[in-house]
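Undergrad: Submitted below is the structure of interest, expressed as structure tokens.
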Amino acid sequence: MMSIDPTDACVLVVEDNVHSYVLIARLLAFLGVKHQDWKRSGWQVLEFADTMPRVDLILMDIHLPYEDGYEALSKLRAHPRFADTLIVAVTAEATVSNMKRARAAGFNGFIGKPIDPDRFIEQMRVILRNQPVWDLGVPTLSVDQSNEVP
Amino acid sequence: MKNRSATEQAEPTISATTGVQGGLGRTLLAAFLVLAIVPMSTISFIAVHRTRQDIRQELVTRLTAVATLKEAQIQQWVTERSRYLAVLSSKPDVQQGVMTLLAQHPSSAAYDTSYANLRDGLRAELTHDSGFAGFLLLHGEDGDETLLEVMAPHKQVGTDTTWPEAEETSGDRHVSLSSVAPTLDVTYSIPGPEGGALGLLVGRLDLTALDQIMTESTELGETGETYLVTPAGQSVPSLATADDTSLPVFLHSQGIDAALAGHSGSGLYDNYGGQPVIGAYRWLPELQTALLAEQAQAEAFAPEDGLATMLVGTTLSVALLTTLLAAVVTRQITRPIVRLTMRAVKIANGDLEETVPVDRRDEIGILARAFNIMTTELRALYNGLEQKVAERTAQLQEANRRLRYRAMQLAVSAEVGRVATSILDLDILLSRVVQLIRDYYRFAYVAIFLLDDTSQWAVLREGSGELGDTLKAKGQWLSVGEPSLVGQVAEKGEPQVLAKADVQDGSSSHLPSTHSEAAFPLRIGGRTLGVLDIHSFHADAFDEDDVKVLQGVADQIAIAIENARAYELEREAARQLREAEEMRRRFLGHMSHELREPLTNIIGFSRVILKGIDGPISDQQRSDLEIVYANGQHLLGLINDLLDVAQIEAGLMELEFKEVDLRELIQSVMSTISALVRDKDIQLQQEIHPELPRIEADGTRVRQVLLKLLSNAAKFTDRGCITVRAWPNGNQVQVAVADTGHGMSEEDQERVFERFEQGESGVKHPQGSGLGLALCKEFVEMHGGRIWVESQEGVGSTFTFTLPIRRQ
């Protein structure tokens, strides 16, 4: 798969929390992604699979209603349309074991929540360059002084 | 096996002995024959030889004697005739007559008268048996004139009728045997009255007399003969060959020739007729004749031949007799030996029942007897041995059987033990155990009853074979204490054996062919868990040993049952534990999600706004939002720490080991920290050993530890410096974070790594969850390292931790 320019990329976000989606959408927009879609569950993705336009990247939450991200992934992979699509897990359950499980299940990458807006934009760029990202997320400093704000 | 080899070995022995049997007889026979024939032949030969010599000597002597006798007789006869002729010639009437004849004319009457007188006178002499065959009156000195001739007609005078020439007149007489014809003349001169010879009177001898003399009894047997041979080769008397073949005109033989040559002697030679003779010969010079006395060798040596024949015959007879005798004796000697040998061979072949008949009192008899005794001893010994071997074999077999049985018992025990320890599922375990016991011992049926919770019933839990399956499916409940073996054993807890399973206990009715039964309690700690019930096809199948061993097996089963039950309980506990753990995991996951999700949004959106993504904001708004953002971050840190601790508590924390460049990590963390000390008079220093190796560790967690230590240092240090040192130390690296902050009391130093502990200084500066250092300790120790603090109040603190270079 070739590297895709963010402005040409079609990104599908599977996320049940609307606020989380809005944050991601806002960041993707900031990155320059024009084509993006949102589904609340894997099931929905499959339902609209045939009518959906091109999809280059799916950012999928693991913690989903009805079925978790792993089940959704296996169903998507079973569909010819998504067999080779980049699917990256985005989850708050950012543990080593979960990352291993995600890798074994067939995810193309892993981004731990909370999403760090500073890093997320860069992570998206890397992924769209078709380079893997396996990131549990930076341990946050429990200090009262914040990091430098750009 | 042993017998076989003995028989195989005996094969050549038999043939060898058989060879000896024939050999012995033959050898003896040959020896006997040689012994008989050689001396006898020698003696015979010597005897014959000596006899022949004697006979020859005797013969020669006799022949010589005969020859001498004949010679003497001839001499005497000739002398007598000569004397007679001498007398006759000196007679006056003869002288007168001769003178007349000489004086008168032949035609005168006187002459005639004288002639007639003389003739008649001489004739008268002839008839007078004078031994003469004729007379001749010769006249003249030379005697060449015949005056008168008178012949006796009937008398033999020889073949020659001519008179020999009267050549000699000097002697008184002249005797000659005619060389032409065998005639013998005696000549005398007739003396005159005045001396001088008137003439010669020749008397021809009648050879009949000579014949007579020669053929007279010579005592030389039938073939013996004496004869004279003239130098002309003519014989007197005339000879003839035995078979009437014509003789040569001149006779020749070794004897004749020798005699004619003037020799005398004797010898063996062929006579004139070619017949081998023994003869004596001599030359008679007076008669100029050879005299021979001969006898045919055949006759002469007849006695000797007879003797030789007799001797040969005797020798042969003796040899024959000896042979027969030898055969008999040999047979006598060898037969028992051969018999003995054959028996010996049979015995050697293993037939010790053989005996040798003892019917002699000689050495062979003794040998046979000794042999019999030996055989008997051998037999006794052998029988004893066989019996002993049989006994020992039986003992060995029994011991072997026992050993095998013992081995089998051991194998069962070991196998049951193995099964008991390796199989924890009670159903599989019991099924295997009954199968094992039945198969090893070949029992008819093996069952295991377990007591129910009330201990009122013994319930069939497992049975071998199809019967077991059937009964199990049907359900077999035996009440504890009932008269059946199982019921009794279940109640008393002691093994019991029934030699004859005649008590119907509900299961033996299905086993009509079993003949004994044994039941063993499955005991543990004085408690009876159940009963091991065994049925055998054989009566008295369980001896004391079996009972002990099987009780041992039963004990093992009991332990196995207990183990299996304990395992079951444990497994249940473990299952519950796993379930609880799973619940915790799910709860933690949920908590993590639920706590972080809103915070993510708070932090994320405030960051989005701060970044100006949503448009420009005022400074006041920025300042406020930064507070929101910082507090969000702080809260997230707390939550993360809490979740980490919870994860550790739940045993869910796992490290992800990778190769970590500590130098890089330290520099990265230092740059992060630099933001924290930007407003303080603090110098950040790092002293990293140039040979600091890369380590195998979870980089994220190490980074967390370093961040925590450095942020703490930054937090509690107002001025001075914060130094990070890192250096290798054996098979680990050591990292120290030193500050010039407030320092800690010793009491604090001891508690600083405990959870929710911040120390006095922490109380004064109530930031952080109090979990940070505890987490650091956890992480370091999870790596196999150690963390500690050295501090002095008012001077500063040094936190040091170690990490193994290689994962442990």
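Scheme for the structure tokens: letters A, B, ... for chains in order shown; per-chain residue numbers from 1; ligand numbers from 1 in order shown.
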For the interface of chain B with chain A (cut-off 8 Å, counting only C-alpha atoms), please tabulate each contacting residue of chain B alongside its nearest pair of atoms and their separation in Å to one decimal, rows sorted by chain and increasing number, as CSV.
TA:
residue,atom,partner,partner_atom,distance
B:Gly589,CA,A:Glu93,CA,6.1
B:Ser592,CA,A:Glu93,CA,6.5
B:His593,CA,A:Ala92,CA,5.3
B:Arg596,CA,A:Pro114,CA,6.5
B:Glu597,CA,A:Pro114,CA,6.8
B:Leu599,CA,A:Pro114,CA,7.3
B:Thr600,CA,A:Pro114,CA,4.4
B:Asn601,CA,A:Ser20,CA,6.2
B:Ile603,CA,A:Asp116,CA,8.0
B:Gly604,CA,A:Pro117,CA,5.9
B:Phe605,CA,A:Leu23,CA,6.5
B:Arg607,CA,A:Pro117,CA,6.6
B:Val608,CA,A:Pro117,CA,6.8
B:Leu610,CA,A:Val149,CA,7.8
B:Lys611,CA,A:Pro150,CA,7.0
B:Ile613,CA,A:Phe30,CA,6.7
B:Glu626,CA,A:Ser146,CA,7.6
B:Tyr629,CA,A:Ser146,CA,7.5
B:Ala630,CA,A:Ser146,CA,4.7
B:Asn631,CA,A:Asp144,CA,6.6
B:Gln633,CA,A:Thr140,CA,6.5
B:His634,CA,A:Ser142,CA,4.4
B:Leu635,CA,A:Ser142,CA,7.0
B:Leu636,CA,A:Thr140,CA,6.6
B:Gly637,CA,A:Ser142,CA,4.3
B:Leu638,CA,A:Ser142,CA,6.0
B:Asn640,CA,A:Pro139,CA,7.5
B:Glu654,CA,A:Val96,CA,6.7
B:Leu655,CA,A:Val96,CA,7.4
B:Glu656,CA,A:Val96,CA,6.8
B:Ala675,CA,A:Asn147,CA,6.8
B:Leu676,CA,A:Gln145,CA,7.2
B:Gln704,CA,A:Pro139,CA,6.7
B:Leu707,CA,A:Leu141,CA,7.7
B:Lys708,CA,A:Leu141,CA,7.8
B:Ser711,CA,A:Val143,CA,7.8
B:Gln767,CA,A:Val143,CA,6.9
B:Gly768,CA,A:Ser142,CA,6.0
B:Ser769,CA,A:Ser142,CA,7.9
Undergrad: Could you list, as an MDAnalysis selection string, every residue within 10 Å of Asp257 in chain B, counting only C-alpha atoms and ignoring same-chain residues fewer than 3 positions away?
TA: chainID B and resid 229 231 233 251:254 260:263 281 290
Undergrad: Please identify the helix (DSSP H, G or I) residues within range 246-445 of chain B (assignment by DSSP from backbone atoms) and present them as a PyMOL selection string.
TA: chain B and resi 254-260+297-300+302-348+363-422+426-441
Undergrad: Pick out the residues sitting within 7 Å of Ala499 in chain B, and hand them over as a list in words; count only C-alpha atoms, and ignore anything fewer than 5 positions along from it in its own chain.
TA: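 Residues near the query, excluding close chain neighbours: His515, Ser516, Glu517, Ala539 and Asp540 of chain B.
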Undergrad: Go ahead and save the residues from that selection, with N, CA, C and O atoms, as an mmCIF file, in the first residue's frame.
TA:
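After the write, out_17.cif holds the following:
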data_model
loop_
_atom_site.group_PDB
_atom_site.id
_atom_site.type_symbol
_atom_site.label_atom_id
_atom_site.label_comp_id
_atom_site.auth_asym_id
_atom_site.auth_seq_id
_atom_site.Cartn_x
_atom_site.Cartn_y
_atom_site.Cartn_z
ATOM 1 N N HIS B 515 -14.341 -68.657 41.377
ATOM 2 C CA HIS B 515 -14.238 -69.625 42.464
ATOM 3 C C HIS B 515 -13.660 -69.064 43.733
ATOM 4 O O HIS B 515 -13.571 -69.752 44.738
ATOM 5 N N SER B 516 -13.160 -67.856 43.670
ATOM 6 C CA SER B 516 -12.764 -67.241 44.936
ATOM 7 C C SER B 516 -12.893 -65.728 44.807
ATOM 8 O O SER B 516 -12.876 -65.183 43.694
ATOM 9 N N GLU B 517 -13.044 -65.103 45.947
ATOM 10 C CA GLU B 517 -13.256 -63.660 45.946
ATOM 11 C C GLU B 517 -12.471 -63.048 47.096
ATOM 12 O O GLU B 517 -12.308 -63.667 48.151
ATOM 13 N N ALA B 539 -9.973 -71.390 42.501
ATOM 14 C CA ALA B 539 -10.184 -71.489 43.942
ATOM 15 C C ALA B 539 -8.865 -71.170 44.630
ATOM 16 O O ALA B 539 -7.797 -71.412 44.061
ATOM 17 N N ASP B 540 -8.938 -70.653 45.815
ATOM 18 C CA ASP B 540 -7.742 -70.331 46.606
ATOM 19 C C ASP B 540 -6.747 -69.489 45.813
ATOM 20 O O ASP B 540 -5.547 -69.759 45.787
#
Undergrad: CA of Ile111 in chain A and CA of Asp614 in chain B are how many Å apart?
TA: 23.8 Å
Undergrad: Hey, what's within 10 Å of range 7-9 of chain A if we count only C-alpha atoms and toss same-chain stuff fewer than 3 positions away? As a PDB file with C-alpha atoms, in the first residue's frame, please?
TA:
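Wrote part-v5.pdb, looks like this:
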ATOM      1  CA  SER A   3       1.729   6.222   1.361  1.00  0.00           C
ATOM      2  CA  ILE A   4      -1.297   8.514   1.317  1.00  0.00           C
ATOM      3  CA  LEU A  12     -13.282   5.790   9.073  1.00  0.00           C
ATOM      4  CA  LEU A  28      -7.919  14.745  11.755  1.00  0.00           C
ATOM      5  CA  ALA A  29      -9.350  17.905  10.290  1.00  0.00           C
ATOM      6  CA  LEU A  31      -4.194  17.341   9.964  1.00  0.00           C
ATOM      7  CA  GLY A  32      -6.012  18.079   6.738  1.00  0.00           C
ATOM      8  CA  VAL A  33      -8.075  14.928   6.291  1.00  0.00           C
ATOM      9  CA  LYS A  34     -11.112  15.834   4.210  1.00  0.00           C
ATOM     10  CA  HIS A  35     -12.800  12.472   3.853  1.00  0.00           C
ATOM     11  CA  GLN A  36     -13.807  10.979   7.107  1.00  0.00           C
ATOM     12  CA  ARG A  54     -13.191   4.337  -0.363  1.00  0.00           C
ATOM     13  CA  VAL A  55     -11.678   3.656   3.064  1.00  0.00           C
ATOM     14  CA  ASP A  56      -7.897   3.934   3.591  1.00  0.00           C
ATOM     15  CA  LEU A  57      -7.731   3.746   7.362  1.00  0.00           C
ATOM     16  CA  LEU A 128      -0.715   7.165   6.495  1.00  0.00           C
TER      17      LEU A 128
END
Undergrad: With distances taken over only C-alpha atoms, which residue among B:Arg204, B:Lys70, B:Lys680, B:Arg52 lies nearest Leu126 in chain B?
TA: B:Arg204
Undergrad: Quick one: distance from CA of Val705 in chain B to CA of Gly794 in chain B in Å, one decimal?
TA: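 Calculated distance between CA of Val705 in chain B and CA of Gly794 in chain B is 23.9 Å.
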Undergrad: Out of B:Tyr188, B:Leu210, B:Pro92, B:Leu485, which residue has the shortest atom-to-atom distance to Trp77 in chain B when counting only C-alpha atoms?
TA: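 Looking only at the distances to Trp77 in chain B, the closest residue turns out to be B:Leu210.
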Undergrad: Enter the distance from CA of Glu216 in chain B to CA of Ala86 in chain B, in Å, rounded to one decimal.
TA: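 Taking CA of Glu216 in chain B as the start and CA of Ala86 in chain B as the end point, the length is 27.0 Å.
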Undergrad: For Asp533 in chain B, find every residue with an atom within 10 Å (counting only C-alpha atoms), except residues of its own chain fewer than 3 positions away, and show them as a list in words.
TA: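 Using only C-alpha atoms, the neighbours found are Val434, Tyr445, Val446, Ala447, Ile448, Phe449, Leu460, Gly463, Leu485, Val486, Val489, Pro495, Gln496, Val497, Glu517, Ala518, Ala519, Phe520, Pro521, Gly530 and Ala554 of chain B.
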Undergrad: Which residues are near Val87 in chain B? Cut-off 12 Å, only C-alpha atoms, ignore same chain within fewer than 4 positions. Put them as a PyMOL selection string.
TA: chain B and resi 80-83+91-95+125+130+172-173+188-191+201
Undergrad: Which is closer to Val14 in chain A than all the others in A:Ser41, A:Thr85, A:Gln123, A:Asn130, using only C-alpha atoms?
TA: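 So, comparing all the options, the nearest one is A:Ser41.
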Undergrad: Can you list every residue in chain A that DSSP puts in strand (DSSP E), as a PDB file with N, CA and C atoms, in the first residue's frame?
TA:
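So the final result, stored in result_32.pdb, reads:
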ATOM      1  N   CYS A  10      -9.052   8.691   3.120  1.00  0.00           N
ATOM      2  CA  CYS A  10     -10.413   8.472   3.589  1.00  0.00           C
ATOM      3  C   CYS A  10     -10.324   7.685   4.869  1.00  0.00           C
ATOM      4  N   VAL A  11     -10.688   8.324   6.009  1.00  0.00           N
ATOM      5  CA  VAL A  11     -10.528   7.692   7.313  1.00  0.00           C
ATOM      6  C   VAL A  11     -11.897   7.414   7.922  1.00  0.00           C
ATOM      7  N   LEU A  12     -12.039   6.175   8.410  1.00  0.00           N
ATOM      8  CA  LEU A  12     -13.282   5.790   9.073  1.00  0.00           C
ATOM      9  C   LEU A  12     -12.982   5.637  10.558  1.00  0.00           C
ATOM     10  N   VAL A  13     -13.758   6.310  11.411  1.00  0.00           N
ATOM     11  CA  VAL A  13     -13.560   6.209  12.855  1.00  0.00           C
ATOM     12  C   VAL A  13     -14.715   5.405  13.429  1.00  0.00           C
ATOM     13  N   VAL A  14     -14.317   4.294  14.159  1.00  0.00           N
ATOM     14  CA  VAL A  14     -15.352   3.500  14.822  1.00  0.00           C
ATOM     15  C   VAL A  14     -15.211   3.792  16.306  1.00  0.00           C
ATOM     16  N   HIS A  35     -11.775  13.522   3.930  1.00  0.00           N
ATOM     17  CA  HIS A  35     -12.800  12.472   3.853  1.00  0.00           C
ATOM     18  C   HIS A  35     -12.756  11.627   5.109  1.00  0.00           C
ATOM     19  N   GLN A  36     -13.727  11.832   5.925  1.00  0.00           N
ATOM     20  CA  GLN A  36     -13.807  10.979   7.107  1.00  0.00           C
ATOM     21  C   GLN A  36     -15.241  10.628   7.429  1.00  0.00           C
ATOM     22  N   ASP A  37     -15.364   9.437   7.992  1.00  0.00           N
ATOM     23  CA  ASP A  37     -16.700   8.914   8.294  1.00  0.00           C
ATOM     24  C   ASP A  37     -16.678   8.395   9.721  1.00  0.00           C
ATOM     25  N   TRP A  38     -17.840   8.247  10.277  1.00  0.00           N
ATOM     26  CA  TRP A  38     -17.931   7.804  11.677  1.00  0.00           C
ATOM     27  C   TRP A  38     -18.981   6.730  11.831  1.00  0.00           C
ATOM     28  N   LYS A  39     -18.590   5.645  12.463  1.00  0.00           N
ATOM     29  CA  LYS A  39     -19.573   4.589  12.787  1.00  0.00           C
ATOM     30  C   LYS A  39     -19.413   4.278  14.272  1.00  0.00           C
ATOM     31  N   LEU A  57      -8.167   4.016   5.985  1.00  0.00           N
ATOM     32  CA  LEU A  57      -7.731   3.746   7.362  1.00  0.00           C
ATOM     33  C   LEU A  57      -8.954   3.691   8.266  1.00  0.00           C
ATOM     34  N   ILE A  58      -8.953   2.687   9.136  1.00  0.00           N
ATOM     35  CA  ILE A  58     -10.026   2.611  10.130  1.00  0.00           C
ATOM     36  C   ILE A  58      -9.378   2.742  11.491  1.00  0.00           C
ATOM     37  N   LEU A  59      -9.839   3.737  12.277  1.00  0.00           N
ATOM     38  CA  LEU A  59      -9.398   3.877  13.668  1.00  0.00           C
ATOM     39  C   LEU A  59     -10.509   3.278  14.506  1.00  0.00           C
ATOM     40  N   MET A  60     -10.180   2.173  15.184  1.00  0.00           N
ATOM     41  CA  MET A  60     -11.251   1.453  15.849  1.00  0.00           C
ATOM     42  C   MET A  60     -11.031   1.363  17.343  1.00  0.00           C
ATOM     43  N   ASP A  61     -12.071   1.802  18.065  1.00  0.00           N
ATOM     44  CA  ASP A  61     -12.051   1.646  19.523  1.00  0.00           C
ATOM     45  C   ASP A  61     -12.260   0.175  19.837  1.00  0.00           C
ATOM     46  N   LEU A  86      -5.962  -0.781   6.327  1.00  0.00           N
ATOM     47  CA  LEU A  86      -5.259  -0.470   7.567  1.00  0.00           C
ATOM     48  C   LEU A  86      -6.284  -0.284   8.669  1.00  0.00           C
ATOM     49  N   ILE A  87      -6.150  -1.090   9.735  1.00  0.00           N
ATOM     50  CA  ILE A  87      -7.075  -0.922  10.861  1.00  0.00           C
ATOM     51  C   ILE A  87      -6.221  -0.775  12.115  1.00  0.00           C
ATOM     52  N   VAL A  88      -6.358   0.370  12.775  1.00  0.00           N
ATOM     53  CA  VAL A  88      -5.549   0.668  13.962  1.00  0.00           C
ATOM     54  C   VAL A  88      -6.461   0.725  15.178  1.00  0.00           C
ATOM     55  N   ALA A  89      -6.001   0.010  16.235  1.00  0.00           N
ATOM     56  CA  ALA A  89      -6.785   0.015  17.468  1.00  0.00           C
ATOM     57  C   ALA A  89      -6.506   1.309  18.231  1.00  0.00           C
ATOM     58  N   VAL A  90      -7.573   1.948  18.692  1.00  0.00           N
ATOM     59  CA  VAL A  90      -7.413   3.137  19.529  1.00  0.00           C
ATOM     60  C   VAL A  90      -8.188   2.853  20.801  1.00  0.00           C
ATOM     61  N   THR A  91      -7.458   2.653  21.897  1.00  0.00           N
ATOM     62  CA  THR A  91      -8.184   2.189  23.074  1.00  0.00           C
ATOM     63  C   THR A  91      -7.604   2.744  24.364  1.00  0.00           C
ATOM     64  N   GLY A 109      -1.991  -1.481  13.905  1.00  0.00           N
ATOM     65  CA  GLY A 109      -1.318  -0.564  14.816  1.00  0.00           C
ATOM     66  C   GLY A 109      -2.122  -0.425  16.096  1.00  0.00           C
ATOM     67  N   PHE A 110      -1.533   0.329  17.048  1.00  0.00           N
ATOM     68  CA  PHE A 110      -2.175   0.429  18.365  1.00  0.00           C
ATOM     69  C   PHE A 110      -1.841   1.801  18.940  1.00  0.00           C
ATOM     70  N   ILE A 111      -2.894   2.553  19.311  1.00  0.00           N
ATOM     71  CA  ILE A 111      -2.674   3.871  19.935  1.00  0.00           C
ATOM     72  C   ILE A 111      -3.446   3.889  21.252  1.00  0.00           C
ATOM     73  N   GLY A 112      -2.673   4.097  22.337  1.00  0.00           N
ATOM     74  CA  GLY A 112      -3.326   4.101  23.642  1.00  0.00           C
ATOM     75  C   GLY A 112      -4.017   5.449  23.914  1.00  0.00           C
ATOM     76  N   TRP A 134       2.845   1.389  17.209  1.00  0.00           N
ATOM     77  CA  TRP A 134       2.420   0.585  18.369  1.00  0.00           C
ATOM     78  C   TRP A 134       2.786   1.394  19.587  1.00  0.00           C
ATOM     79  N   ASP A 135       1.827   2.115  20.111  1.00  0.00           N
ATOM     80  CA  ASP A 135       2.120   3.078  21.172  1.00  0.00           C
ATOM     81  C   ASP A 135       1.083   2.978  22.275  1.00  0.00           C
TER      82      ASP A 135
END
